[in-house]
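Novice: Hey, dropping entry-v4.cif in here, mmCIF, N, CA and C atoms:
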```cif
data_entry
#
loop_
_atom_site.label_atom_id
_atom_site.label_comp_id
_atom_site.auth_asym_id
_atom_site.auth_seq_id
_atom_site.Cartn_x
_atom_site.Cartn_y
_atom_site.Cartn_z
N MET Z 199 -46.55 96.70 -57.01
CA MET Z 199 -47.48 97.13 -55.97
C MET Z 199 -48.70 96.21 -55.98
N ASN Z 200 -49.17 95.90 -54.82
CA ASN Z 200 -50.35 95.06 -54.65
C ASN Z 200 -51.54 95.69 -55.37
N ARG Z 201 -52.25 94.87 -56.14
CA ARG Z 201 -53.39 95.37 -56.92
C ARG Z 201 -54.46 95.99 -56.02
N HIS Z 202 -54.70 95.39 -54.85
CA HIS Z 202 -55.70 95.92 -53.92
C HIS Z 202 -55.29 97.31 -53.44
N LEU Z 203 -54.00 97.50 -53.15
CA LEU Z 203 -53.52 98.81 -52.72
C LEU Z 203 -53.67 99.85 -53.83
N THR Z 204 -53.45 99.43 -55.07
CA THR Z 204 -53.61 100.34 -56.20
C THR Z 204 -55.06 100.78 -56.33
N LEU Z 205 -55.99 99.83 -56.21
CA LEU Z 205 -57.41 100.18 -56.32
C LEU Z 205 -57.82 101.07 -55.16
N ASP Z 206 -57.31 100.80 -53.96
CA ASP Z 206 -57.60 101.67 -52.81
C ASP Z 206 -57.07 103.07 -53.08
N ARG Z 207 -55.88 103.18 -53.67
CA ARG Z 207 -55.29 104.49 -53.97
C ARG Z 207 -56.17 105.25 -54.96
N LEU Z 208 -56.64 104.57 -56.01
CA LEU Z 208 -57.53 105.22 -56.98
C LEU Z 208 -58.79 105.70 -56.29
N ASN Z 209 -59.38 104.86 -55.46
CA ASN Z 209 -60.61 105.23 -54.75
C ASN Z 209 -60.37 106.43 -53.84
N ASN Z 210 -59.28 106.40 -53.08
CA ASN Z 210 -58.99 107.49 -52.14
C ASN Z 210 -58.71 108.80 -52.85
N LEU Z 211 -57.96 108.75 -53.95
CA LEU Z 211 -57.68 109.98 -54.70
C LEU Z 211 -58.98 110.55 -55.28
N PHE Z 212 -59.83 109.68 -55.80
CA PHE Z 212 -61.11 110.14 -56.34
C PHE Z 212 -61.94 110.78 -55.23
N LEU Z 213 -61.98 110.14 -54.07
CA LEU Z 213 -62.74 110.68 -52.93
C LEU Z 213 -62.19 112.05 -52.52
N LEU Z 214 -60.88 112.21 -52.53
CA LEU Z 214 -60.29 113.51 -52.20
C LEU Z 214 -60.76 114.58 -53.19
N LEU Z 215 -60.84 114.24 -54.48
CA LEU Z 215 -61.35 115.21 -55.46
C LEU Z 215 -62.80 115.56 -55.15
N VAL Z 216 -63.58 114.56 -54.75
CA VAL Z 216 -65.00 114.80 -54.41
C VAL Z 216 -65.11 115.74 -53.22
N VAL Z 217 -64.19 115.63 -52.26
CA VAL Z 217 -64.22 116.49 -51.07
C VAL Z 217 -63.70 117.89 -51.39
N ILE Z 218 -62.59 117.96 -52.12
CA ILE Z 218 -61.98 119.27 -52.42
C ILE Z 218 -62.81 120.07 -53.41
N GLY Z 219 -63.51 119.40 -54.32
CA GLY Z 219 -64.31 120.10 -55.33
C GLY Z 219 -65.30 121.09 -54.74
N PRO Z 220 -66.16 120.67 -53.81
CA PRO Z 220 -67.09 121.63 -53.20
C PRO Z 220 -66.37 122.74 -52.42
N LEU Z 221 -65.26 122.39 -51.77
CA LEU Z 221 -64.50 123.43 -51.05
C LEU Z 221 -63.98 124.48 -52.03
N HIS Z 222 -63.55 124.02 -53.19
CA HIS Z 222 -63.07 124.92 -54.24
C HIS Z 222 -64.21 125.84 -54.70
N MET Z 223 -65.39 125.28 -54.88
CA MET Z 223 -66.52 126.08 -55.31
C MET Z 223 -66.95 127.06 -54.22
N ILE Z 224 -66.89 126.63 -52.95
CA ILE Z 224 -67.23 127.53 -51.84
C ILE Z 224 -66.27 128.70 -51.80
N GLU Z 225 -64.97 128.43 -51.97
CA GLU Z 225 -63.99 129.52 -52.00
C GLU Z 225 -64.33 130.53 -53.09
N GLN Z 226 -64.70 130.02 -54.26
CA GLN Z 226 -65.04 130.93 -55.36
C GLN Z 226 -66.33 131.69 -55.07
N MET Z 227 -67.31 131.04 -54.47
CA MET Z 227 -68.56 131.73 -54.16
C MET Z 227 -68.35 132.83 -53.12
N LEU Z 228 -67.42 132.60 -52.21
CA LEU Z 228 -67.15 133.60 -51.17
C LEU Z 228 -66.32 134.77 -51.68
N THR Z 229 -65.57 134.56 -52.75
CA THR Z 229 -64.65 135.60 -53.21
C THR Z 229 -65.03 136.21 -54.56
N SER Z 230 -65.59 135.42 -55.44
CA SER Z 230 -65.98 135.92 -56.76
C SER Z 230 -66.67 134.79 -57.51
N ILE Z 231 -67.59 135.15 -58.36
CA ILE Z 231 -68.28 134.11 -59.14
C ILE Z 231 -68.00 134.31 -60.64
N GLU Z 232 -66.76 134.65 -60.97
CA GLU Z 232 -66.37 134.88 -62.36
C GLU Z 232 -66.68 133.68 -63.24
N GLU Z 233 -66.43 132.46 -62.73
CA GLU Z 233 -66.67 131.27 -63.54
C GLU Z 233 -68.15 131.11 -63.86
N PHE Z 234 -69.01 131.57 -62.96
CA PHE Z 234 -70.44 131.52 -63.23
C PHE Z 234 -70.76 132.36 -64.48
N TYR Z 235 -70.18 133.56 -64.54
CA TYR Z 235 -70.42 134.42 -65.69
C TYR Z 235 -69.83 133.83 -66.96
N TRP Z 236 -68.67 133.17 -66.82
CA TRP Z 236 -68.05 132.50 -67.97
C TRP Z 236 -68.97 131.39 -68.47
N LEU Z 237 -69.47 130.57 -67.54
CA LEU Z 237 -70.36 129.47 -67.91
C LEU Z 237 -71.66 130.00 -68.49
N ARG Z 238 -72.21 131.04 -67.86
CA ARG Z 238 -73.45 131.62 -68.36
C ARG Z 238 -73.28 132.16 -69.77
N GLY Z 239 -72.12 132.74 -70.04
CA GLY Z 239 -71.84 133.22 -71.39
C GLY Z 239 -71.82 132.09 -72.41
N HIS Z 240 -71.24 130.96 -72.01
CA HIS Z 240 -71.22 129.80 -72.91
C HIS Z 240 -72.61 129.20 -73.08
N LEU Z 241 -73.39 129.20 -72.01
CA LEU Z 241 -74.75 128.69 -72.14
C LEU Z 241 -75.62 129.60 -73.00
N ALA Z 242 -75.30 130.88 -73.01
CA ALA Z 242 -76.05 131.81 -73.88
C ALA Z 242 -75.90 131.39 -75.34
N GLY Z 243 -74.71 130.92 -75.69
CA GLY Z 243 -74.49 130.41 -77.05
C GLY Z 243 -75.34 129.19 -77.33
N TYR Z 244 -75.44 128.31 -76.33
CA TYR Z 244 -76.28 127.12 -76.47
C TYR Z 244 -77.75 127.51 -76.63
N TYR Z 245 -78.23 128.40 -75.75
CA TYR Z 245 -79.63 128.81 -75.80
C TYR Z 245 -79.96 129.58 -77.08
N ALA Z 246 -78.94 130.19 -77.71
CA ALA Z 246 -79.17 130.92 -78.96
C ALA Z 246 -79.58 129.98 -80.09
N TRP Z 247 -79.29 128.70 -79.96
CA TRP Z 247 -79.68 127.73 -80.98
C TRP Z 247 -81.19 127.53 -81.00
N PHE Z 248 -81.88 127.94 -79.94
CA PHE Z 248 -83.32 127.70 -79.80
C PHE Z 248 -84.07 129.02 -79.85
N ALA Z 249 -85.30 128.94 -80.30
CA ALA Z 249 -86.18 130.11 -80.26
C ALA Z 249 -86.43 130.46 -78.80
N PRO Z 250 -86.60 131.75 -78.47
CA PRO Z 250 -86.85 132.13 -77.07
C PRO Z 250 -88.01 131.36 -76.43
N ALA Z 251 -89.03 131.05 -77.21
CA ALA Z 251 -90.18 130.31 -76.69
C ALA Z 251 -89.82 128.86 -76.34
N SER Z 252 -88.66 128.38 -76.83
CA SER Z 252 -88.24 127.00 -76.58
C SER Z 252 -87.16 126.90 -75.51
N ALA Z 253 -87.02 127.94 -74.70
CA ALA Z 253 -85.98 127.92 -73.65
C ALA Z 253 -86.17 126.76 -72.68
N ASP Z 254 -87.41 126.45 -72.34
CA ASP Z 254 -87.67 125.33 -71.44
C ASP Z 254 -87.24 124.01 -72.07
N LEU Z 255 -87.55 123.84 -73.35
CA LEU Z 255 -87.15 122.64 -74.07
C LEU Z 255 -85.62 122.54 -74.09
N ALA Z 256 -84.95 123.66 -74.34
CA ALA Z 256 -83.49 123.67 -74.37
C ALA Z 256 -82.92 123.24 -73.02
N THR Z 257 -83.55 123.68 -71.93
CA THR Z 257 -83.09 123.31 -70.60
C THR Z 257 -83.29 121.82 -70.36
N VAL Z 258 -84.43 121.29 -70.75
CA VAL Z 258 -84.70 119.86 -70.57
C VAL Z 258 -83.71 119.03 -71.38
N ILE Z 259 -83.41 119.45 -72.59
CA ILE Z 259 -82.43 118.74 -73.42
C ILE Z 259 -81.06 118.77 -72.75
N LEU Z 260 -80.66 119.93 -72.25
CA LEU Z 260 -79.36 120.06 -71.59
C LEU Z 260 -79.28 119.18 -70.35
N VAL Z 261 -80.31 119.21 -69.53
CA VAL Z 261 -80.33 118.38 -68.32
C VAL Z 261 -80.29 116.89 -68.70
N THR Z 262 -81.02 116.50 -69.72
CA THR Z 262 -81.04 115.11 -70.17
C THR Z 262 -79.66 114.66 -70.63
N VAL Z 263 -78.99 115.48 -71.42
CA VAL Z 263 -77.65 115.15 -71.91
C VAL Z 263 -76.66 115.04 -70.75
N VAL Z 264 -76.70 116.01 -69.85
CA VAL Z 264 -75.79 115.98 -68.70
C VAL Z 264 -76.07 114.77 -67.83
N TRP Z 265 -77.32 114.52 -67.51
CA TRP Z 265 -77.65 113.39 -66.64
C TRP Z 265 -77.31 112.06 -67.31
N THR Z 266 -77.50 111.94 -68.61
CA THR Z 266 -77.14 110.72 -69.31
C THR Z 266 -75.63 110.50 -69.23
N ASN Z 267 -74.85 111.56 -69.40
CA ASN Z 267 -73.40 111.43 -69.29
C ASN Z 267 -72.97 111.04 -67.88
N VAL Z 268 -73.58 111.64 -66.87
CA VAL Z 268 -73.27 111.28 -65.48
C VAL Z 268 -73.64 109.82 -65.24
N SER Z 269 -74.78 109.39 -65.73
CA SER Z 269 -75.21 108.00 -65.56
C SER Z 269 -74.24 107.04 -66.24
N LEU Z 270 -73.78 107.38 -67.44
CA LEU Z 270 -72.82 106.53 -68.14
C LEU Z 270 -71.50 106.45 -67.37
N MET Z 271 -71.09 107.56 -66.77
CA MET Z 271 -69.86 107.54 -65.98
C MET Z 271 -70.04 106.67 -64.74
N LEU Z 272 -71.18 106.77 -64.09
CA LEU Z 272 -71.44 105.91 -62.93
C LEU Z 272 -71.46 104.44 -63.34
N TYR Z 273 -72.05 104.16 -64.49
CA TYR Z 273 -72.06 102.78 -64.99
C TYR Z 273 -70.64 102.29 -65.25
N ALA Z 274 -69.81 103.13 -65.85
CA ALA Z 274 -68.42 102.76 -66.13
C ALA Z 274 -67.67 102.47 -64.83
N LEU Z 275 -67.96 103.24 -63.78
CA LEU Z 275 -67.32 102.99 -62.50
C LEU Z 275 -67.76 101.64 -61.93
N LEU Z 276 -69.03 101.29 -62.15
CA LEU Z 276 -69.54 100.00 -61.67
C LEU Z 276 -68.96 98.84 -62.47
N VAL Z 277 -68.82 99.02 -63.77
CA VAL Z 277 -68.32 97.95 -64.64
C VAL Z 277 -66.86 97.64 -64.32
N GLY Z 278 -66.09 98.67 -64.05
CA GLY Z 278 -64.67 98.48 -63.73
C GLY Z 278 -63.82 98.38 -64.99
N GLY Z 279 -62.60 97.91 -64.80
CA GLY Z 279 -61.68 97.73 -65.92
C GLY Z 279 -61.32 99.04 -66.60
N ILE Z 280 -61.16 98.97 -67.90
CA ILE Z 280 -60.76 100.14 -68.69
C ILE Z 280 -61.81 101.25 -68.62
N PRO Z 281 -63.13 100.95 -68.71
CA PRO Z 281 -64.11 102.04 -68.60
C PRO Z 281 -63.96 102.83 -67.30
N ARG Z 282 -63.71 102.13 -66.20
CA ARG Z 282 -63.52 102.79 -64.90
C ARG Z 282 -62.30 103.70 -64.94
N LEU Z 283 -61.22 103.20 -65.52
CA LEU Z 283 -60.00 104.00 -65.59
C LEU Z 283 -60.18 105.24 -66.46
N ILE Z 284 -60.96 105.13 -67.51
CA ILE Z 284 -61.22 106.29 -68.37
C ILE Z 284 -61.95 107.37 -67.59
N VAL Z 285 -62.97 106.98 -66.83
CA VAL Z 285 -63.74 107.96 -66.03
C VAL Z 285 -62.85 108.58 -64.96
N LEU Z 286 -62.10 107.74 -64.23
CA LEU Z 286 -61.21 108.27 -63.20
C LEU Z 286 -60.16 109.20 -63.81
N GLY Z 287 -59.64 108.83 -64.97
CA GLY Z 287 -58.68 109.69 -65.66
C GLY Z 287 -59.29 111.02 -66.06
N PHE Z 288 -60.54 110.99 -66.52
CA PHE Z 288 -61.24 112.22 -66.88
C PHE Z 288 -61.35 113.15 -65.68
N PHE Z 289 -61.76 112.60 -64.53
CA PHE Z 289 -61.87 113.42 -63.32
C PHE Z 289 -60.50 113.93 -62.87
N GLY Z 290 -59.49 113.09 -63.02
CA GLY Z 290 -58.14 113.52 -62.68
C GLY Z 290 -57.68 114.67 -63.55
N LEU Z 291 -57.95 114.58 -64.86
CA LEU Z 291 -57.59 115.68 -65.78
C LEU Z 291 -58.35 116.94 -65.43
N PHE Z 292 -59.63 116.79 -65.09
CA PHE Z 292 -60.42 117.95 -64.70
C PHE Z 292 -59.81 118.62 -63.47
N GLY Z 293 -59.45 117.81 -62.47
CA GLY Z 293 -58.81 118.35 -61.28
C GLY Z 293 -57.49 119.04 -61.61
N ALA Z 294 -56.67 118.40 -62.42
CA ALA Z 294 -55.38 118.97 -62.80
C ALA Z 294 -55.56 120.30 -63.55
N SER Z 295 -56.62 120.41 -64.32
CA SER Z 295 -56.84 121.63 -65.11
C SER Z 295 -57.13 122.84 -64.23
N GLU Z 296 -57.48 122.61 -62.98
CA GLU Z 296 -57.77 123.73 -62.08
C GLU Z 296 -56.52 124.55 -61.75
N VAL Z 297 -55.37 124.10 -62.22
CA VAL Z 297 -54.14 124.87 -62.05
C VAL Z 297 -54.26 126.22 -62.78
N HIS Z 298 -55.26 126.36 -63.62
CA HIS Z 298 -55.45 127.63 -64.33
C HIS Z 298 -55.62 128.80 -63.35
N HIS Z 299 -56.14 128.52 -62.16
CA HIS Z 299 -56.29 129.58 -61.15
C HIS Z 299 -54.92 130.10 -60.70
N VAL Z 300 -53.96 129.20 -60.57
CA VAL Z 300 -52.61 129.60 -60.18
C VAL Z 300 -51.99 130.46 -61.27
N VAL Z 301 -52.14 130.04 -62.52
CA VAL Z 301 -51.61 130.81 -63.65
C VAL Z 301 -52.25 132.18 -63.69
N GLU Z 302 -53.57 132.25 -63.52
CA GLU Z 302 -54.27 133.53 -63.54
C GLU Z 302 -53.83 134.43 -62.39
N ALA Z 303 -53.57 133.84 -61.22
CA ALA Z 303 -53.09 134.63 -60.07
C ALA Z 303 -51.70 135.19 -60.35
N LEU Z 304 -50.85 134.38 -60.97
CA LEU Z 304 -49.50 134.84 -61.31
C LEU Z 304 -49.55 135.97 -62.34
N VAL Z 305 -50.41 135.82 -63.33
CA VAL Z 305 -50.56 136.87 -64.36
C VAL Z 305 -51.11 138.14 -63.74
N LYS Z 306 -52.08 137.99 -62.86
CA LYS Z 306 -52.71 139.13 -62.18
C LYS Z 306 -51.77 139.79 -61.18
N GLY Z 307 -50.89 138.96 -60.62
CA GLY Z 307 -50.01 139.47 -59.58
C GLY Z 307 -50.70 139.58 -58.24
N GLY Z 308 -51.74 138.80 -58.04
CA GLY Z 308 -52.49 138.84 -56.78
C GLY Z 308 -53.45 137.69 -56.70
N TYR Z 309 -54.30 137.74 -55.69
CA TYR Z 309 -55.26 136.66 -55.46
C TYR Z 309 -56.21 136.50 -56.63
N GLU Z 310 -56.47 135.27 -56.99
CA GLU Z 310 -57.46 134.90 -58.00
C GLU Z 310 -58.48 134.01 -57.31
N ALA Z 311 -59.75 134.27 -57.51
CA ALA Z 311 -60.80 133.46 -56.87
C ALA Z 311 -60.56 131.98 -57.13
N GLY Z 312 -60.47 131.21 -56.05
CA GLY Z 312 -60.30 129.77 -56.17
C GLY Z 312 -58.86 129.29 -56.14
N VAL Z 313 -57.89 130.21 -56.06
CA VAL Z 313 -56.48 129.80 -56.17
C VAL Z 313 -56.05 128.93 -54.99
N ILE Z 314 -56.54 129.19 -53.81
CA ILE Z 314 -56.09 128.44 -52.63
C ILE Z 314 -56.47 126.97 -52.74
N THR Z 315 -57.72 126.70 -53.01
CA THR Z 315 -58.17 125.31 -53.09
C THR Z 315 -57.83 124.66 -54.43
N SER Z 316 -57.48 125.47 -55.44
CA SER Z 316 -57.12 124.88 -56.73
C SER Z 316 -55.80 124.12 -56.64
N ILE Z 317 -54.94 124.51 -55.70
CA ILE Z 317 -53.64 123.85 -55.59
C ILE Z 317 -53.80 122.39 -55.16
N PRO Z 318 -54.48 122.10 -54.02
CA PRO Z 318 -54.65 120.67 -53.70
C PRO Z 318 -55.51 119.94 -54.73
N TYR Z 319 -56.47 120.65 -55.32
CA TYR Z 319 -57.33 120.03 -56.33
C TYR Z 319 -56.49 119.58 -57.53
N ALA Z 320 -55.59 120.45 -57.98
CA ALA Z 320 -54.74 120.13 -59.13
C ALA Z 320 -53.73 119.04 -58.77
N VAL Z 321 -53.17 119.10 -57.58
CA VAL Z 321 -52.19 118.08 -57.16
C VAL Z 321 -52.86 116.72 -57.10
N ILE Z 322 -54.02 116.63 -56.46
CA ILE Z 322 -54.74 115.36 -56.36
C ILE Z 322 -55.14 114.89 -57.76
N GLY Z 323 -55.57 115.81 -58.61
CA GLY Z 323 -55.91 115.45 -59.99
C GLY Z 323 -54.72 114.82 -60.71
N CYS Z 324 -53.55 115.43 -60.57
CA CYS Z 324 -52.33 114.89 -61.21
C CYS Z 324 -51.98 113.52 -60.63
N LEU Z 325 -52.09 113.38 -59.32
CA LEU Z 325 -51.81 112.07 -58.69
C LEU Z 325 -52.79 111.01 -59.19
N LEU Z 326 -54.06 111.40 -59.36
CA LEU Z 326 -55.06 110.45 -59.86
C LEU Z 326 -54.74 110.05 -61.30
N VAL Z 327 -54.38 111.01 -62.14
CA VAL Z 327 -54.01 110.69 -63.52
C VAL Z 327 -52.82 109.73 -63.54
N ALA Z 328 -51.82 109.99 -62.70
CA ALA Z 328 -50.63 109.12 -62.66
C ALA Z 328 -51.01 107.71 -62.20
N ALA Z 329 -51.88 107.61 -61.18
CA ALA Z 329 -52.30 106.30 -60.69
C ALA Z 329 -53.12 105.56 -61.75
N VAL Z 330 -53.97 106.29 -62.45
CA VAL Z 330 -54.76 105.69 -63.53
C VAL Z 330 -53.84 105.19 -64.63
N TRP Z 331 -52.84 105.98 -64.98
CA TRP Z 331 -51.91 105.61 -66.04
C TRP Z 331 -51.15 104.32 -65.67
N ARG Z 332 -50.69 104.24 -64.41
CA ARG Z 332 -49.99 103.03 -63.95
C ARG Z 332 -50.93 101.82 -64.01
N GLU Z 333 -52.16 102.01 -63.53
CA GLU Z 333 -53.12 100.90 -63.54
C GLU Z 333 -53.50 100.52 -64.96
N PHE Z 334 -53.62 101.48 -65.84
CA PHE Z 334 -53.93 101.20 -67.24
C PHE Z 334 -52.82 100.35 -67.85
N GLY Z 335 -51.57 100.69 -67.54
CA GLY Z 335 -50.45 99.90 -68.05
C GLY Z 335 -50.50 98.46 -67.56
N ARG Z 336 -50.85 98.28 -66.29
CA ARG Z 336 -50.98 96.92 -65.75
C ARG Z 336 -52.16 96.19 -66.37
N THR Z 337 -53.27 96.89 -66.54
CA THR Z 337 -54.48 96.27 -67.09
C THR Z 337 -54.28 95.90 -68.55
N ALA Z 338 -53.62 96.78 -69.30
CA ALA Z 338 -53.42 96.53 -70.73
C ALA Z 338 -52.45 95.38 -70.98
N THR Z 339 -51.51 95.14 -70.06
CA THR Z 339 -50.53 94.08 -70.27
C THR Z 339 -50.88 92.80 -69.53
N ALA Z 340 -51.93 92.83 -68.72
CA ALA Z 340 -52.34 91.64 -67.96
C ALA Z 340 -52.91 90.60 -68.91
N PRO Z 341 -52.62 89.32 -68.63
CA PRO Z 341 -53.21 88.28 -69.48
C PRO Z 341 -54.72 88.29 -69.37
N ARG Z 342 -55.38 88.09 -70.48
CA ARG Z 342 -56.84 88.12 -70.53
C ARG Z 342 -57.40 86.79 -70.01
N ALA Z 343 -58.46 86.91 -69.23
CA ALA Z 343 -59.14 85.71 -68.75
C ALA Z 343 -59.92 85.10 -69.91
N GLU Z 344 -59.93 83.79 -69.97
CA GLU Z 344 -60.65 83.10 -71.03
C GLU Z 344 -62.15 83.20 -70.76
N THR Z 345 -62.91 83.57 -71.78
CA THR Z 345 -64.34 83.68 -71.65
C THR Z 345 -64.98 82.36 -72.07
N ARG Z 346 -65.82 81.83 -71.22
CA ARG Z 346 -66.51 80.58 -71.54
C ARG Z 346 -68.01 80.82 -71.51
N PHE Z 347 -68.66 80.25 -72.46
CA PHE Z 347 -70.11 80.36 -72.53
C PHE Z 347 -70.73 79.01 -72.20
N ALA Z 348 -71.83 79.03 -71.47
CA ALA Z 348 -72.47 77.77 -71.09
C ALA Z 348 -73.22 77.19 -72.24
#
```
If you convert what's in this file into structure tokens, what do you get?
Specialist:
Amino acid sequence: MNRHLTLDRLNNLFLLLVVIGPLHMIEQMLTSIEEFYWLRGHLAGYYAWFAPASADLATVILVTVVWTNVSLMLYALLVGGIPRLIVLGFFGLFGASEVHHVVEALVKGGYEAGVITSIPYAVIGCLLVAAVWREFGRTATAPRAETRFA
């Protein structure tokens, strides 16, 4: 497959995840916010590490860590190569993991908040992981360009 077409496919799959992600969250907000309570419960554990008077500090630390990670991912996307594939693969795995809504709906025997949009989200995530894996194989076996210093 043409390398340009492969890169376009990676970009398009990533863009689809970016579009479906908010739709998935909107579906959950309209039907149930169970994940919010799950996340809040996990953050309670994080905030328990700090004295109540240091809650603001804990929030600033959390925002700093999250923003630094987002910035590093954006940098990896700009750098390209293996770092870019790692970030795209991470997002693909995250998308694929949303299949948990389907499993929960099957266990429940009925609608689970987010199940409708989780299906395309998981499918696109799996397609992105597969495309990343193919590109990683090509990148890892490609001859290395000689580095010259002036």
Novice: Here's the selection I'm unsure about, the PyMOL selection byres ((chain Z and resi 324) around 8); applied to the file above, which residues does it give, as an MDAnalysis selection string?
Specialist: chainID Z and resid 289:295 318:323 325:330
Novice: Considering only C-alpha atoms, tabulate each residue of range 217-321 of chain Z that lies at most 12 Å from range 332-342 of chain Z along with its nearest interatomic pair and the corresponding distance in Å to one decimal; arrange the rows by chain and ascending residue number and present them as JSON lines.
Specialist:
```
{"residue": "Z:Gly278", "atom": "CA", "partner": "Z:Thr337", "partner_atom": "CA", "distance": 11.0}
{"residue": "Z:Gly279", "atom": "CA", "partner": "Z:Thr337", "partner_atom": "CA", "distance": 7.4}
{"residue": "Z:Ile280", "atom": "CA", "partner": "Z:Phe334", "partner_atom": "CA", "distance": 7.1}
{"residue": "Z:Pro281", "atom": "CA", "partner": "Z:Phe334", "partner_atom": "CA", "distance": 10.3}
{"residue": "Z:Arg282", "atom": "CA", "partner": "Z:Phe334", "partner_atom": "CA", "distance": 10.0}
{"residue": "Z:Leu283", "atom": "CA", "partner": "Z:Phe334", "partner_atom": "CA", "distance": 6.9}
{"residue": "Z:Ile284", "atom": "CA", "partner": "Z:Phe334", "partner_atom": "CA", "distance": 9.0}
{"residue": "Z:Val285", "atom": "CA", "partner": "Z:Phe334", "partner_atom": "CA", "distance": 12.0}
{"residue": "Z:Leu286", "atom": "CA", "partner": "Z:Phe334", "partner_atom": "CA", "distance": 10.9}
{"residue": "Z:Gly287", "atom": "CA", "partner": "Z:Phe334", "partner_atom": "CA", "distance": 9.9}
```
Novice: Tell me, in Å to one decimal, how far CA of His299 in chain Z is from CA of Val313 in chain Z.
Specialist: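 Between these atoms lies a distance of 5.0 Å.
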Novice: Between Z:Met271, Z:Val264, Z:Glu232, Z:Thr315, single out the one closest to Gly219 in chain Z, counting all atoms listed in the file.
Specialist: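 Smallest distance to Gly219 in chain Z is found for Z:Thr315.
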Novice: Could you write out as lines of an AutoDock Vina configuration file the box around range 227-231 of chain Z (axis-aligned, all atoms listed in the file, 3 Å on each side), with centre and edge lengths in Å to one decimal?
Specialist:
```
center_x = -66.6
center_y = 133.6
center_z = -55.9
size_x = 9.9
size_y = 11.2
size_z = 15.5
```
Novice: Would you mind reading off the distance between CA of Tyr235 in chain Z and CA of Phe212 in chain Z, one decimal, in Å?
Specialist: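 Separating CA of Tyr235 in chain Z from CA of Phe212 in chain Z is a distance of 27.6 Å.
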Novice: Which residue out of Z:Ile259, Z:Phe234, Z:Leu275, Z:Gln226 has the minimum interatomic distance to Glu310 in chain Z when only N, CA and C atoms are used?
Specialist: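 Going through Z:Ile259, Z:Phe234, Z:Leu275, Z:Gln226 one by one, the smallest distance to Glu310 in chain Z is for Z:Gln226.
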Novice: When you draw a straight line from CA of Ile231 in chain Z to atom N of Gly312 in chain Z, how long is it in Å?
Specialist: 8.9 Å
Novice: Step one, run DSSP on the backbone; step two, keep only residues of range 207-319 of chain Z assigned to alpha helix (DSSP H); then write them as a VMD selection string.
Specialist: chain Z and resid 207 to 229 232 to 245 253 to 277 279 to 295 298 to 306 313 to 319
